[in-house]
file my_file_21.csv (CSV, N, CA, C and O atoms)
chain,number,residue,atom,x,y,z
A,1225,MET,N,59.8,-3.4,91.3
A,1225,MET,CA,59.6,-2.3,90.3
A,1225,MET,C,60.3,-2.6,89.0
A,1225,MET,O,59.8,-2.4,87.9
A,1226,GLU,N,61.6,-3.1,89.1
A,1226,GLU,CA,62.4,-3.4,87.9
A,1226,GLU,C,61.7,-4.4,87.0
A,1226,GLU,O,61.7,-4.4,85.8
A,1227,GLY,N,61.2,-5.4,87.7
A,1227,GLY,CA,60.5,-6.5,87.0
A,1227,GLY,C,59.4,-6.0,86.1
A,1227,GLY,O,59.3,-6.4,84.9
A,1228,SER,N,58.6,-5.1,86.6
A,1228,SER,CA,57.5,-4.6,85.8
A,1228,SER,C,58.0,-3.7,84.7
A,1228,SER,O,57.5,-3.6,83.6
A,1229,PHE,N,59.1,-2.9,84.9
A,1229,PHE,CA,59.7,-2.1,83.9
A,1229,PHE,C,60.2,-2.9,82.8
A,1229,PHE,O,60.0,-2.7,81.6
A,1230,SER,N,61.0,-4.0,83.1
A,1230,SER,CA,61.5,-4.9,82.1
A,1230,SER,C,60.4,-5.5,81.3
A,1230,SER,O,60.6,-5.7,80.1
A,1231,LYS,N,59.4,-5.9,81.9
A,1231,LYS,CA,58.2,-6.6,81.2
A,1231,LYS,C,57.6,-5.6,80.2
A,1231,LYS,O,57.2,-5.9,79.1
A,1232,ARG,N,57.5,-4.3,80.7
A,1232,ARG,CA,56.9,-3.3,79.8
A,1232,ARG,C,57.8,-3.1,78.6
A,1232,ARG,O,57.3,-2.9,77.4
A,1233,ILE,N,59.1,-3.0,78.8
A,1233,ILE,CA,60.0,-2.9,77.7
A,1233,ILE,C,59.9,-4.1,76.7
A,1233,ILE,O,59.9,-3.9,75.5
A,1234,GLU,N,59.9,-5.3,77.3
A,1234,GLU,CA,59.8,-6.5,76.4
A,1234,GLU,C,58.5,-6.5,75.6
A,1234,GLU,O,58.5,-6.8,74.4
A,1235,LYS,N,57.4,-6.0,76.3
A,1235,LYS,CA,56.1,-6.0,75.6
A,1235,LYS,C,56.1,-5.0,74.5
A,1235,LYS,O,55.6,-5.2,73.4
A,1236,LYS,N,56.7,-3.8,74.7
A,1236,LYS,CA,56.7,-2.7,73.8
A,1236,LYS,C,57.7,-3.0,72.6
A,1236,LYS,O,57.3,-2.7,71.4
A,1237,THR,N,58.8,-3.7,72.8
A,1237,THR,CA,59.8,-3.9,71.8
A,1237,THR,C,59.7,-5.3,71.2
A,1237,THR,O,60.2,-5.5,70.1
A,1238,GLY,N,59.2,-6.2,71.9
A,1238,GLY,CA,59.2,-7.6,71.5
A,1238,GLY,C,60.5,-8.3,71.6
A,1238,GLY,O,60.8,-9.3,71.1
A,1239,VAL,N,61.4,-7.6,72.4
A,1239,VAL,CA,62.8,-8.2,72.6
A,1239,VAL,C,63.0,-8.4,74.1
A,1239,VAL,O,62.6,-7.6,74.9
A,1240,ASN,N,63.7,-9.5,74.3
A,1240,ASN,CA,64.0,-9.9,75.7
A,1240,ASN,C,64.8,-8.8,76.4
A,1240,ASN,O,65.8,-8.3,75.8
A,1241,PHE,N,64.4,-8.4,77.6
A,1241,PHE,CA,65.1,-7.3,78.3
A,1241,PHE,C,66.6,-7.6,78.5
A,1241,PHE,O,67.4,-6.7,78.4
A,1242,ASP,N,66.9,-8.9,78.8
A,1242,ASP,CA,68.3,-9.2,79.0
A,1242,ASP,C,69.2,-9.0,77.8
A,1242,ASP,O,70.3,-8.6,77.8
A,1243,GLU,N,68.6,-9.3,76.6
A,1243,GLU,CA,69.3,-9.0,75.3
A,1243,GLU,C,69.5,-7.5,75.1
A,1243,GLU,O,70.5,-7.1,74.6
A,1244,ILE,N,68.5,-6.7,75.5
A,1244,ILE,CA,68.6,-5.3,75.3
A,1244,ILE,C,69.7,-4.8,76.2
A,1244,ILE,O,70.6,-4.0,75.8
A,1245,MET,N,69.8,-5.3,77.4
A,1245,MET,CA,70.8,-4.8,78.4
A,1245,MET,C,72.2,-5.3,77.9
A,1245,MET,O,73.2,-4.6,78.0
A,1246,ALA,N,72.3,-6.5,77.3
A,1246,ALA,CA,73.6,-7.0,76.8
A,1246,ALA,C,74.0,-6.1,75.6
A,1246,ALA,O,75.2,-5.8,75.5
A,1247,LEU,N,73.1,-5.7,74.8
A,1247,LEU,CA,73.4,-4.9,73.7
A,1247,LEU,C,73.9,-3.5,74.2
A,1247,LEU,O,74.9,-3.0,73.7
A,1248,ALA,N,73.2,-2.9,75.2
A,1248,ALA,CA,73.6,-1.7,75.7
A,1248,ALA,C,75.0,-1.7,76.3
A,1248,ALA,O,75.8,-0.8,76.1
A,1249,ASN,N,75.3,-2.8,77.0
A,1249,ASN,CA,76.6,-3.0,77.6
A,1249,ASN,C,77.7,-3.1,76.5
A,1249,ASN,O,78.7,-2.5,76.6
A,1250,ALA,N,77.3,-3.9,75.4
A,1250,ALA,CA,78.3,-4.0,74.3
A,1250,ALA,C,78.6,-2.6,73.6
A,1250,ALA,O,79.7,-2.3,73.3
A,1251,LEU,N,77.5,-1.8,73.5
A,1251,LEU,CA,77.7,-0.5,72.9
A,1251,LEU,C,78.5,0.4,73.8
A,1251,LEU,O,79.3,1.2,73.3
A,1252,THR,N,78.3,0.3,75.1
A,1252,THR,CA,79.0,1.1,76.0
A,1252,THR,C,80.5,0.9,76.0
A,1252,THR,O,81.3,1.8,76.1
A,1253,HIS,N,80.9,-0.4,75.9
A,1253,HIS,CA,82.3,-0.8,75.9
A,1253,HIS,C,82.9,-1.1,74.6
A,1253,HIS,O,84.0,-1.6,74.5
A,1254,ALA,N,82.2,-0.8,73.5
A,1254,ALA,CA,82.7,-1.1,72.2
A,1254,ALA,C,83.8,-0.2,71.7
A,1254,ALA,O,83.8,1.0,72.0
A,1255,ASN,N,84.7,-0.8,71.0
A,1255,ASN,CA,85.7,0.0,70.3
A,1255,ASN,C,85.3,0.1,68.8
A,1255,ASN,O,85.3,-0.8,68.1
A,1256,PHE,N,84.7,1.3,68.5
A,1256,PHE,CA,84.1,1.5,67.2
A,1256,PHE,C,85.1,1.6,66.1
A,1256,PHE,O,84.8,1.8,64.9
A,1257,ALA,N,86.4,1.4,66.4
A,1257,ALA,CA,87.4,1.4,65.3
A,1257,ALA,C,87.8,-0.1,65.0
A,1257,ALA,O,88.5,-0.3,64.1
A,1258,ASP,N,87.3,-1.0,65.8
A,1258,ASP,CA,87.6,-2.5,65.6
A,1258,ASP,C,86.5,-3.1,64.7
A,1258,ASP,O,85.3,-3.3,65.1
A,1259,GLU,N,86.8,-3.4,63.4
A,1259,GLU,CA,85.9,-3.8,62.5
A,1259,GLU,C,85.1,-5.1,62.9
A,1259,GLU,O,83.9,-5.2,62.8
A,1260,LYS,N,85.9,-6.0,63.5
A,1260,LYS,CA,85.3,-7.3,63.9
A,1260,LYS,C,84.2,-7.0,65.0
A,1260,LYS,O,83.1,-7.6,64.9
A,1261,GLN,N,84.5,-6.2,65.9
A,1261,GLN,CA,83.6,-5.9,67.0
A,1261,GLN,C,82.4,-5.1,66.5
A,1261,GLN,O,81.2,-5.4,66.8
A,1262,VAL,N,82.6,-4.2,65.6
A,1262,VAL,CA,81.5,-3.4,65.0
A,1262,VAL,C,80.6,-4.3,64.2
A,1262,VAL,O,79.4,-4.2,64.3
A,1263,ARG,N,81.2,-5.2,63.4
A,1263,ARG,CA,80.4,-6.1,62.6
A,1263,ARG,C,79.5,-7.0,63.5
A,1263,ARG,O,78.3,-7.2,63.2
A,1264,LYS,N,80.0,-7.5,64.6
A,1264,LYS,CA,79.3,-8.3,65.5
A,1264,LYS,C,78.1,-7.5,66.1
A,1264,LYS,O,77.0,-8.0,66.2
A,1265,ILE,N,78.3,-6.3,66.4
A,1265,ILE,CA,77.2,-5.4,67.0
A,1265,ILE,C,76.2,-5.2,65.9
A,1265,ILE,O,75.0,-5.2,66.2
A,1266,VAL,N,76.6,-4.9,64.7
A,1266,VAL,CA,75.6,-4.6,63.6
A,1266,VAL,C,74.7,-5.8,63.4
A,1266,VAL,O,73.5,-5.7,63.2
A,1267,LYS,N,75.3,-7.0,63.4
A,1267,LYS,CA,74.6,-8.3,63.2
A,1267,LYS,C,73.6,-8.5,64.3
A,1267,LYS,O,72.5,-8.9,64.1
A,1268,LYS,N,74.1,-8.2,65.5
A,1268,LYS,CA,73.2,-8.4,66.7
A,1268,LYS,C,72.0,-7.4,66.7
A,1268,LYS,O,70.9,-7.8,66.9
A,1269,VAL,N,72.2,-6.2,66.3
A,1269,VAL,CA,71.2,-5.2,66.2
A,1269,VAL,C,70.2,-5.6,65.1
A,1269,VAL,O,68.9,-5.6,65.3
A,1270,SER,N,70.7,-6.1,64.0
A,1270,SER,CA,69.8,-6.5,62.9
A,1270,SER,C,68.9,-7.7,63.4
A,1270,SER,O,67.7,-7.7,63.1
A,1271,ARG,N,69.5,-8.6,64.1
A,1271,ARG,CA,68.8,-9.8,64.6
A,1271,ARG,C,67.7,-9.4,65.6
A,1271,ARG,O,66.6,-9.8,65.6
A,1272,LEU,N,68.1,-8.5,66.6
A,1272,LEU,CA,67.2,-8.1,67.6
A,1272,LEU,C,66.0,-7.3,67.0
A,1272,LEU,O,64.9,-7.4,67.5
A,1273,ALA,N,66.3,-6.5,66.0
A,1273,ALA,CA,65.3,-5.7,65.4
A,1273,ALA,C,64.5,-6.5,64.4
A,1273,ALA,O,63.5,-6.0,63.9
A,1274,ASN,N,64.9,-7.7,64.2
A,1274,ASN,CA,64.2,-8.6,63.2
A,1274,ASN,C,64.2,-7.9,61.9
A,1274,ASN,O,63.2,-7.9,61.2
A,1275,LYS,N,65.3,-7.3,61.5
A,1275,LYS,CA,65.4,-6.6,60.3
A,1275,LYS,C,66.7,-7.1,59.5
A,1275,LYS,O,67.8,-6.6,59.7
A,1276,PRO,N,66.5,-8.2,58.8
A,1276,PRO,CA,67.7,-8.7,58.1
A,1276,PRO,C,68.3,-7.7,57.1
A,1276,PRO,O,67.6,-6.9,56.5
A,1277,ILE,N,69.6,-7.7,57.0
A,1277,ILE,CA,70.3,-6.8,56.1
A,1277,ILE,C,71.2,-7.7,55.2
A,1277,ILE,O,71.6,-8.7,55.5
A,1278,THR,N,71.4,-7.1,54.0
A,1278,THR,CA,72.3,-7.8,53.0
A,1278,THR,C,73.7,-7.6,53.5
A,1278,THR,O,74.1,-6.7,54.3
A,1279,LYS,N,74.6,-8.4,52.9
A,1279,LYS,CA,76.0,-8.3,53.2
A,1279,LYS,C,76.5,-6.9,52.8
A,1279,LYS,O,77.3,-6.3,53.5
A,1280,GLU,N,76.0,-6.4,51.6
A,1280,GLU,CA,76.4,-5.1,51.1
A,1280,GLU,C,76.0,-4.0,52.1
A,1280,GLU,O,76.8,-3.1,52.4
A,1281,LEU,N,74.8,-4.0,52.6
A,1281,LEU,CA,74.3,-3.0,53.6
A,1281,LEU,C,75.1,-3.1,54.9
A,1281,LEU,O,75.5,-2.1,55.5
A,1282,GLU,N,75.4,-4.4,55.3
A,1282,GLU,CA,76.2,-4.6,56.5
A,1282,GLU,C,77.6,-3.9,56.4
A,1282,GLU,O,78.1,-3.2,57.2
A,1283,ASP,N,78.2,-4.2,55.2
A,1283,ASP,CA,79.5,-3.6,54.9
A,1283,ASP,C,79.5,-2.1,55.0
A,1283,ASP,O,80.3,-1.4,55.5
A,1284,ASN,N,78.4,-1.5,54.4
A,1284,ASN,CA,78.3,0.0,54.4
A,1284,ASN,C,78.1,0.5,55.8
A,1284,ASN,O,78.7,1.5,56.1
A,1285,ILE,N,77.3,-0.1,56.6
A,1285,ILE,CA,77.1,0.3,58.0
A,1285,ILE,C,78.4,0.2,58.7
A,1285,ILE,O,78.8,1.2,59.4
A,1286,VAL,N,79.0,-0.9,58.6
A,1286,VAL,CA,80.3,-1.1,59.4
A,1286,VAL,C,81.3,-0.1,58.9
A,1286,VAL,O,82.0,0.5,59.8
A,1287,ASN,N,81.5,0.1,57.6
A,1287,ASN,CA,82.5,1.1,57.2
A,1287,ASN,C,82.1,2.5,57.6
A,1287,ASN,O,83.0,3.3,58.0
A,1288,SER,N,80.9,2.8,57.7
A,1288,SER,CA,80.4,4.2,58.1
A,1288,SER,C,80.8,4.3,59.6
A,1288,SER,O,81.3,5.4,60.0
A,1289,ILE,N,80.5,3.3,60.4
A,1289,ILE,CA,80.8,3.4,61.8
A,1289,ILE,C,82.3,3.5,62.1
A,1289,ILE,O,82.7,4.4,62.9
A,1290,ILE,N,83.1,2.7,61.4
A,1290,ILE,CA,84.5,2.8,61.5
A,1290,ILE,C,85.1,4.1,61.1
A,1290,ILE,O,86.0,4.7,61.8
A,1291,GLN,N,84.6,4.7,60.0
A,1291,GLN,CA,85.0,6.0,59.5
A,1291,GLN,C,84.7,7.1,60.5
A,1291,GLN,O,85.5,8.0,60.7
A,1292,ASP,N,83.6,7.0,61.2
A,1292,ASP,CA,83.2,8.0,62.2
A,1292,ASP,C,83.9,7.9,63.5
A,1292,ASP,O,83.9,8.7,64.3
A,1293,GLY,N,84.7,6.8,63.6
A,1293,GLY,CA,85.5,6.6,64.8
A,1293,GLY,C,84.7,6.3,66.0
A,1293,GLY,O,83.9,5.4,66.1
A,1294,GLN,N,84.9,7.1,67.1
A,1294,GLN,CA,84.3,6.8,68.4
A,1294,GLN,C,82.9,7.3,68.5
A,1294,GLN,O,82.2,7.0,69.4
A,1295,SER,N,82.4,8.0,67.5
A,1295,SER,CA,81.0,8.5,67.6
A,1295,SER,C,80.1,7.5,66.7
A,1295,SER,O,80.6,7.0,65.7
A,1296,LEU,N,78.9,7.3,67.2
A,1296,LEU,CA,78.0,6.5,66.5
A,1296,LEU,C,76.8,7.3,66.1
A,1296,LEU,O,76.0,7.8,66.9
A,1297,ASP,N,76.7,7.5,64.8
A,1297,ASP,CA,75.6,8.3,64.2
A,1297,ASP,C,74.4,7.5,63.8
A,1297,ASP,O,74.3,7.0,62.7
A,1298,PHE,N,73.5,7.3,64.8
A,1298,PHE,CA,72.3,6.5,64.6
A,1298,PHE,C,71.4,7.0,63.4
A,1298,PHE,O,70.8,6.3,62.7
A,1299,THR,N,71.4,8.3,63.2
A,1299,THR,CA,70.6,8.9,62.2
A,1299,THR,C,71.1,8.5,60.8
A,1299,THR,O,70.3,8.1,59.9
A,1300,LYS,N,72.4,8.5,60.7
A,1300,LYS,CA,73.0,8.0,59.4
A,1300,LYS,C,72.7,6.6,59.2
A,1300,LYS,O,72.4,6.2,58.1
A,1301,ILE,N,72.8,5.8,60.2
A,1301,ILE,CA,72.6,4.3,60.1
A,1301,ILE,C,71.1,4.1,59.8
A,1301,ILE,O,70.8,3.2,58.9
A,1302,GLU,N,70.2,4.8,60.4
A,1302,GLU,CA,68.8,4.6,60.2
A,1302,GLU,C,68.5,4.9,58.7
A,1302,GLU,O,67.7,4.2,58.1
A,1303,LYS,N,69.1,6.0,58.2
A,1303,LYS,CA,68.9,6.3,56.8
A,1303,LYS,C,69.3,5.2,55.8
A,1303,LYS,O,68.7,4.9,54.8
A,1304,MET,N,70.4,4.5,56.2
A,1304,MET,CA,70.9,3.4,55.4
A,1304,MET,C,70.0,2.2,55.4
A,1304,MET,O,69.9,1.5,54.4
A,1305,MET,N,69.3,2.1,56.5
A,1305,MET,CA,68.4,0.9,56.6
A,1305,MET,C,67.1,1.1,55.9
A,1305,MET,O,66.3,0.1,55.7
A,1306,LYS,N,66.8,2.3,55.4
A,1306,LYS,CA,65.5,2.5,54.7
A,1306,LYS,C,65.6,2.2,53.3
A,1306,LYS,O,66.5,2.2,52.6
call {"tool": "encode", "arguments": {"input": "my_file_21.csv", "output": "structure tokens"}}
result
Amino acid sequence: MEGSFSKRIEKKTGVNFDEIMALANALTHANFADEKQVRKIVKKVSRLANKPITKELEDNIVNSIIQDGQSLDFTKIEKMMK
């Protein structure tokens, strides 16, 4: 059953299921106050989403996440990406 689920996810997102799980694991265990770790996650999400971002936008997203501390406001980040 898991195999078909992962294939459906891959087909729908265009992203390898193992990469999605690795990202989910990174987000679960991330220290959102650690700039280096946050920057790594932002770059990974950008790459997985096939949505290149400028250095300036990366800095803005990273600073926003670090400012918010342990909470991750996806709505705020999504607005920055538009």
call {"tool": "select_by_dssp", "arguments": {"input": "my_file_21.csv", "residues": "range 1259-1293 of chain A", "states": "alpha helix (DSSP H)", "output": "compact mmCIF listing (two decimals) with N, CA, C and O atoms, keeping the file's coordinate frame"}}
result
# COMPACT_ATOMS: atom_id res chain seq x y z
N GLU A 1259 86.80 -3.40 63.40
CA GLU A 1259 85.90 -3.80 62.50
C GLU A 1259 85.10 -5.10 62.90
O GLU A 1259 83.90 -5.20 62.80
N LYS A 1260 85.90 -6.00 63.50
CA LYS A 1260 85.30 -7.30 63.90
C LYS A 1260 84.20 -7.00 65.00
O LYS A 1260 83.10 -7.60 64.90
N GLN A 1261 84.50 -6.20 65.90
CA GLN A 1261 83.60 -5.90 67.00
C GLN A 1261 82.40 -5.10 66.50
O GLN A 1261 81.20 -5.40 66.80
N VAL A 1262 82.60 -4.20 65.60
CA VAL A 1262 81.50 -3.40 65.00
C VAL A 1262 80.60 -4.30 64.20
O VAL A 1262 79.40 -4.20 64.30
N ARG A 1263 81.20 -5.20 63.40
CA ARG A 1263 80.40 -6.10 62.60
C ARG A 1263 79.50 -7.00 63.50
O ARG A 1263 78.30 -7.20 63.20
N LYS A 1264 80.00 -7.50 64.60
CA LYS A 1264 79.30 -8.30 65.50
C LYS A 1264 78.10 -7.50 66.10
O LYS A 1264 77.00 -8.00 66.20
N ILE A 1265 78.30 -6.30 66.40
CA ILE A 1265 77.20 -5.40 67.00
C ILE A 1265 76.20 -5.20 65.90
O ILE A 1265 75.00 -5.20 66.20
N VAL A 1266 76.60 -4.90 64.70
CA VAL A 1266 75.60 -4.60 63.60
C VAL A 1266 74.70 -5.80 63.40
O VAL A 1266 73.50 -5.70 63.20
N LYS A 1267 75.30 -7.00 63.40
CA LYS A 1267 74.60 -8.30 63.20
C LYS A 1267 73.60 -8.50 64.30
O LYS A 1267 72.50 -8.90 64.10
N LYS A 1268 74.10 -8.20 65.50
CA LYS A 1268 73.20 -8.40 66.70
C LYS A 1268 72.00 -7.40 66.70
O LYS A 1268 70.90 -7.80 66.90
N VAL A 1269 72.20 -6.20 66.30
CA VAL A 1269 71.20 -5.20 66.20
C VAL A 1269 70.20 -5.60 65.10
O VAL A 1269 68.90 -5.60 65.30
N SER A 1270 70.70 -6.10 64.00
CA SER A 1270 69.80 -6.50 62.90
C SER A 1270 68.90 -7.70 63.40
O SER A 1270 67.70 -7.70 63.10
N ARG A 1271 69.50 -8.60 64.10
CA ARG A 1271 68.80 -9.80 64.60
C ARG A 1271 67.70 -9.40 65.60
O ARG A 1271 66.60 -9.80 65.60
N LEU A 1272 68.10 -8.50 66.60
CA LEU A 1272 67.20 -8.10 67.60
C LEU A 1272 66.00 -7.30 67.00
O LEU A 1272 64.90 -7.40 67.50
N LYS A 1279 74.60 -8.40 52.90
CA LYS A 1279 76.00 -8.30 53.20
C LYS A 1279 76.50 -6.90 52.80
O LYS A 1279 77.30 -6.30 53.50
N GLU A 1280 76.00 -6.40 51.60
CA GLU A 1280 76.40 -5.10 51.10
C GLU A 1280 76.00 -4.00 52.10
O GLU A 1280 76.80 -3.10 52.40
N LEU A 1281 74.80 -4.00 52.60
CA LEU A 1281 74.30 -3.00 53.60
C LEU A 1281 75.10 -3.10 54.90
O LEU A 1281 75.50 -2.10 55.50
N GLU A 1282 75.40 -4.40 55.30
CA GLU A 1282 76.20 -4.60 56.50
C GLU A 1282 77.60 -3.90 56.40
O GLU A 1282 78.10 -3.20 57.20
N ASP A 1283 78.20 -4.20 55.20
CA ASP A 1283 79.50 -3.60 54.90
C ASP A 1283 79.50 -2.10 55.00
O ASP A 1283 80.30 -1.40 55.50
N ASN A 1284 78.40 -1.50 54.40
CA ASN A 1284 78.30 0.00 54.40
C ASN A 1284 78.10 0.50 55.80
O ASN A 1284 78.70 1.50 56.10
N ILE A 1285 77.30 -0.10 56.60
CA ILE A 1285 77.10 0.30 58.00
C ILE A 1285 78.40 0.20 58.70
O ILE A 1285 78.80 1.20 59.40
N VAL A 1286 79.00 -0.90 58.60
CA VAL A 1286 80.30 -1.10 59.40
C VAL A 1286 81.30 -0.10 58.90
O VAL A 1286 82.00 0.50 59.80
N ASN A 1287 81.50 0.10 57.60
CA ASN A 1287 82.50 1.10 57.20
C ASN A 1287 82.10 2.50 57.60
O ASN A 1287 83.00 3.30 58.00
N SER A 1288 80.90 2.80 57.70
CA SER A 1288 80.40 4.20 58.10
C SER A 1288 80.80 4.30 59.60
O SER A 1288 81.30 5.40 60.00
N ILE A 1289 80.50 3.30 60.40
CA ILE A 1289 80.80 3.40 61.80
C ILE A 1289 82.30 3.50 62.10
O ILE A 1289 82.70 4.40 62.90
N ILE A 1290 83.10 2.70 61.40
CA ILE A 1290 84.50 2.80 61.50
C ILE A 1290 85.10 4.10 61.10
O ILE A 1290 86.00 4.70 61.80
N GLN A 1291 84.60 4.70 60.00
CA GLN A 1291 85.00 6.00 59.50
C GLN A 1291 84.70 7.10 60.50
O GLN A 1291 85.50 8.00 60.70
N ASP A 1292 83.60 7.00 61.20
CA ASP A 1292 83.20 8.00 62.20
C ASP A 1292 83.90 7.90 63.50
O ASP A 1292 83.90 8.70 64.30
call {"tool": "closest_residue", "arguments": {"input": "my_file_21.csv", "among": "A:Phe1241, A:Glu1280, A:Phe1256, A:Lys1267", "to": "Asp1292 in chain A", "atoms": "only N, CA, C and O atoms"}}
result
A:Phe1256
call {"tool": "atom_distance", "arguments": {"input": "my_file_21.csv", "atom1": "atom N of Val1262 in chain A", "atom2": "CA of Asn1287 in chain A"}}
result
9.9 Å
call {"tool": "atom_distance", "arguments": {"input": "my_file_21.csv", "atom1": "CA of Lys1235 in chain A", "atom2": "CA of Ala1250 in chain A"}}
result
22.3 Å
call {"tool": "atom_distance", "arguments": {"input": "my_file_21.csv", "atom1": "atom C of Asn1255 in chain A", "atom2": "atom N of Gln1291 in chain A"}}
result
10.0 Å
call {"tool": "residues_around", "arguments": {"input": "my_file_21.csv", "residues": "Leu1251 in chain A", "least_positions_apart": "3", "cutoff": "10 Å", "atoms": "only C-alpha atoms", "output": "MDAnalysis selection string"}}
result
chainID A and resid 1245:1248 1254:1256 1261:1262 1265 1296
call {"tool": "write_last_selection", "arguments": {"input": "my_file_21.csv", "atoms": "N, CA, C and O atoms", "output": "PDB file, in the coordinates of the input"}}
result
ATOM      1  N   MET A1245      69.800  -5.300  77.400  1.00  0.00           N
ATOM      2  CA  MET A1245      70.800  -4.800  78.400  1.00  0.00           C
ATOM      3  C   MET A1245      72.200  -5.300  77.900  1.00  0.00           C
ATOM      4  O   MET A1245      73.200  -4.600  78.000  1.00  0.00           O
ATOM      5  N   ALA A1246      72.300  -6.500  77.300  1.00  0.00           N
ATOM      6  CA  ALA A1246      73.600  -7.000  76.800  1.00  0.00           C
ATOM      7  C   ALA A1246      74.000  -6.100  75.600  1.00  0.00           C
ATOM      8  O   ALA A1246      75.200  -5.800  75.500  1.00  0.00           O
ATOM      9  N   LEU A1247      73.100  -5.700  74.800  1.00  0.00           N
ATOM     10  CA  LEU A1247      73.400  -4.900  73.700  1.00  0.00           C
ATOM     11  C   LEU A1247      73.900  -3.500  74.200  1.00  0.00           C
ATOM     12  O   LEU A1247      74.900  -3.000  73.700  1.00  0.00           O
ATOM     13  N   ALA A1248      73.200  -2.900  75.200  1.00  0.00           N
ATOM     14  CA  ALA A1248      73.600  -1.700  75.700  1.00  0.00           C
ATOM     15  C   ALA A1248      75.000  -1.700  76.300  1.00  0.00           C
ATOM     16  O   ALA A1248      75.800  -0.800  76.100  1.00  0.00           O
ATOM     17  N   ALA A1254      82.200  -0.800  73.500  1.00  0.00           N
ATOM     18  CA  ALA A1254      82.700  -1.100  72.200  1.00  0.00           C
ATOM     19  C   ALA A1254      83.800  -0.200  71.700  1.00  0.00           C
ATOM     20  O   ALA A1254      83.800   1.000  72.000  1.00  0.00           O
ATOM     21  N   ASN A1255      84.700  -0.800  71.000  1.00  0.00           N
ATOM     22  CA  ASN A1255      85.700   0.000  70.300  1.00  0.00           C
ATOM     23  C   ASN A1255      85.300   0.100  68.800  1.00  0.00           C
ATOM     24  O   ASN A1255      85.300  -0.800  68.100  1.00  0.00           O
ATOM     25  N   PHE A1256      84.700   1.300  68.500  1.00  0.00           N
ATOM     26  CA  PHE A1256      84.100   1.500  67.200  1.00  0.00           C
ATOM     27  C   PHE A1256      85.100   1.600  66.100  1.00  0.00           C
ATOM     28  O   PHE A1256      84.800   1.800  64.900  1.00  0.00           O
ATOM     29  N   GLN A1261      84.500  -6.200  65.900  1.00  0.00           N
ATOM     30  CA  GLN A1261      83.600  -5.900  67.000  1.00  0.00           C
ATOM     31  C   GLN A1261      82.400  -5.100  66.500  1.00  0.00           C
ATOM     32  O   GLN A1261      81.200  -5.400  66.800  1.00  0.00           O
ATOM     33  N   VAL A1262      82.600  -4.200  65.600  1.00  0.00           N
ATOM     34  CA  VAL A1262      81.500  -3.400  65.000  1.00  0.00           C
ATOM     35  C   VAL A1262      80.600  -4.300  64.200  1.00  0.00           C
ATOM     36  O   VAL A1262      79.400  -4.200  64.300  1.00  0.00           O
ATOM     37  N   ILE A1265      78.300  -6.300  66.400  1.00  0.00           N
ATOM     38  CA  ILE A1265      77.200  -5.400  67.000  1.00  0.00           C
ATOM     39  C   ILE A1265      76.200  -5.200  65.900  1.00  0.00           C
ATOM     40  O   ILE A1265      75.000  -5.200  66.200  1.00  0.00           O
ATOM     41  N   LEU A1296      78.900   7.300  67.200  1.00  0.00           N
ATOM     42  CA  LEU A1296      78.000   6.500  66.500  1.00  0.00           C
ATOM     43  C   LEU A1296      76.800   7.300  66.100  1.00  0.00           C
ATOM     44  O   LEU A1296      76.000   7.800  66.900  1.00  0.00           O
TER      45      LEU A1296
END
call {"tool": "closest_residue", "arguments": {"input": "my_file_21.csv", "among": "A:Ala1273, A:Ile1289, A:Val1266, A:Thr1252", "to": "Val1239 in chain A", "atoms": "only N, CA, C and O atoms"}}
result
A:Ala1273
call {"tool": "axis_aligned_box", "arguments": {"input": "my_file_21.csv", "around": "range 1229-1240 of chain A", "padding_each_side": "5 Å", "output": "AutoDock Vina command-line options"}}
result
--center_x 60.7 --center_y -6.0 --center_z 77.5 --size_x 20.2 --size_y 17.8 --size_z 24.8
call {"tool": "residues_near_point", "arguments": {"input": "my_file_21.csv", "point": "(80.5, -3.6, 60.2)", "cutoff": "4.5 Å", "atoms": "all atoms listed in the file", "output": "list of chain:residue names"}}
result
A:Val1262, A:Arg1263, A:Glu1282, A:Val1286
call {"tool": "residues_around", "arguments": {"input": "my_file_21.csv", "residues": "Leu1272 in chain A", "least_positions_apart": "4", "cutoff": "9 Å", "atoms": "only C-alpha atoms", "output": "compact mmCIF listing (two decimals) with N, CA, C and O atoms, in the frame of the given file"}}
result
# COMPACT_ATOMS: atom_id res chain seq x y z
N GLY A 1238 59.20 -6.20 71.90
CA GLY A 1238 59.20 -7.60 71.50
C GLY A 1238 60.50 -8.30 71.60
O GLY A 1238 60.80 -9.30 71.10
N VAL A 1239 61.40 -7.60 72.40
CA VAL A 1239 62.80 -8.20 72.60
C VAL A 1239 63.00 -8.40 74.10
O VAL A 1239 62.60 -7.60 74.90
N ASN A 1240 63.70 -9.50 74.30
CA ASN A 1240 64.00 -9.90 75.70
C ASN A 1240 64.80 -8.80 76.40
O ASN A 1240 65.80 -8.30 75.80
N GLU A 1243 68.60 -9.30 76.60
CA GLU A 1243 69.30 -9.00 75.30
C GLU A 1243 69.50 -7.50 75.10
O GLU A 1243 70.50 -7.10 74.60
N ILE A 1244 68.50 -6.70 75.50
CA ILE A 1244 68.60 -5.30 75.30
C ILE A 1244 69.70 -4.80 76.20
O ILE A 1244 70.60 -4.00 75.80
N LYS A 1267 75.30 -7.00 63.40
CA LYS A 1267 74.60 -8.30 63.20
C LYS A 1267 73.60 -8.50 64.30
O LYS A 1267 72.50 -8.90 64.10
N LYS A 1268 74.10 -8.20 65.50
CA LYS A 1268 73.20 -8.40 66.70
C LYS A 1268 72.00 -7.40 66.70
O LYS A 1268 70.90 -7.80 66.90
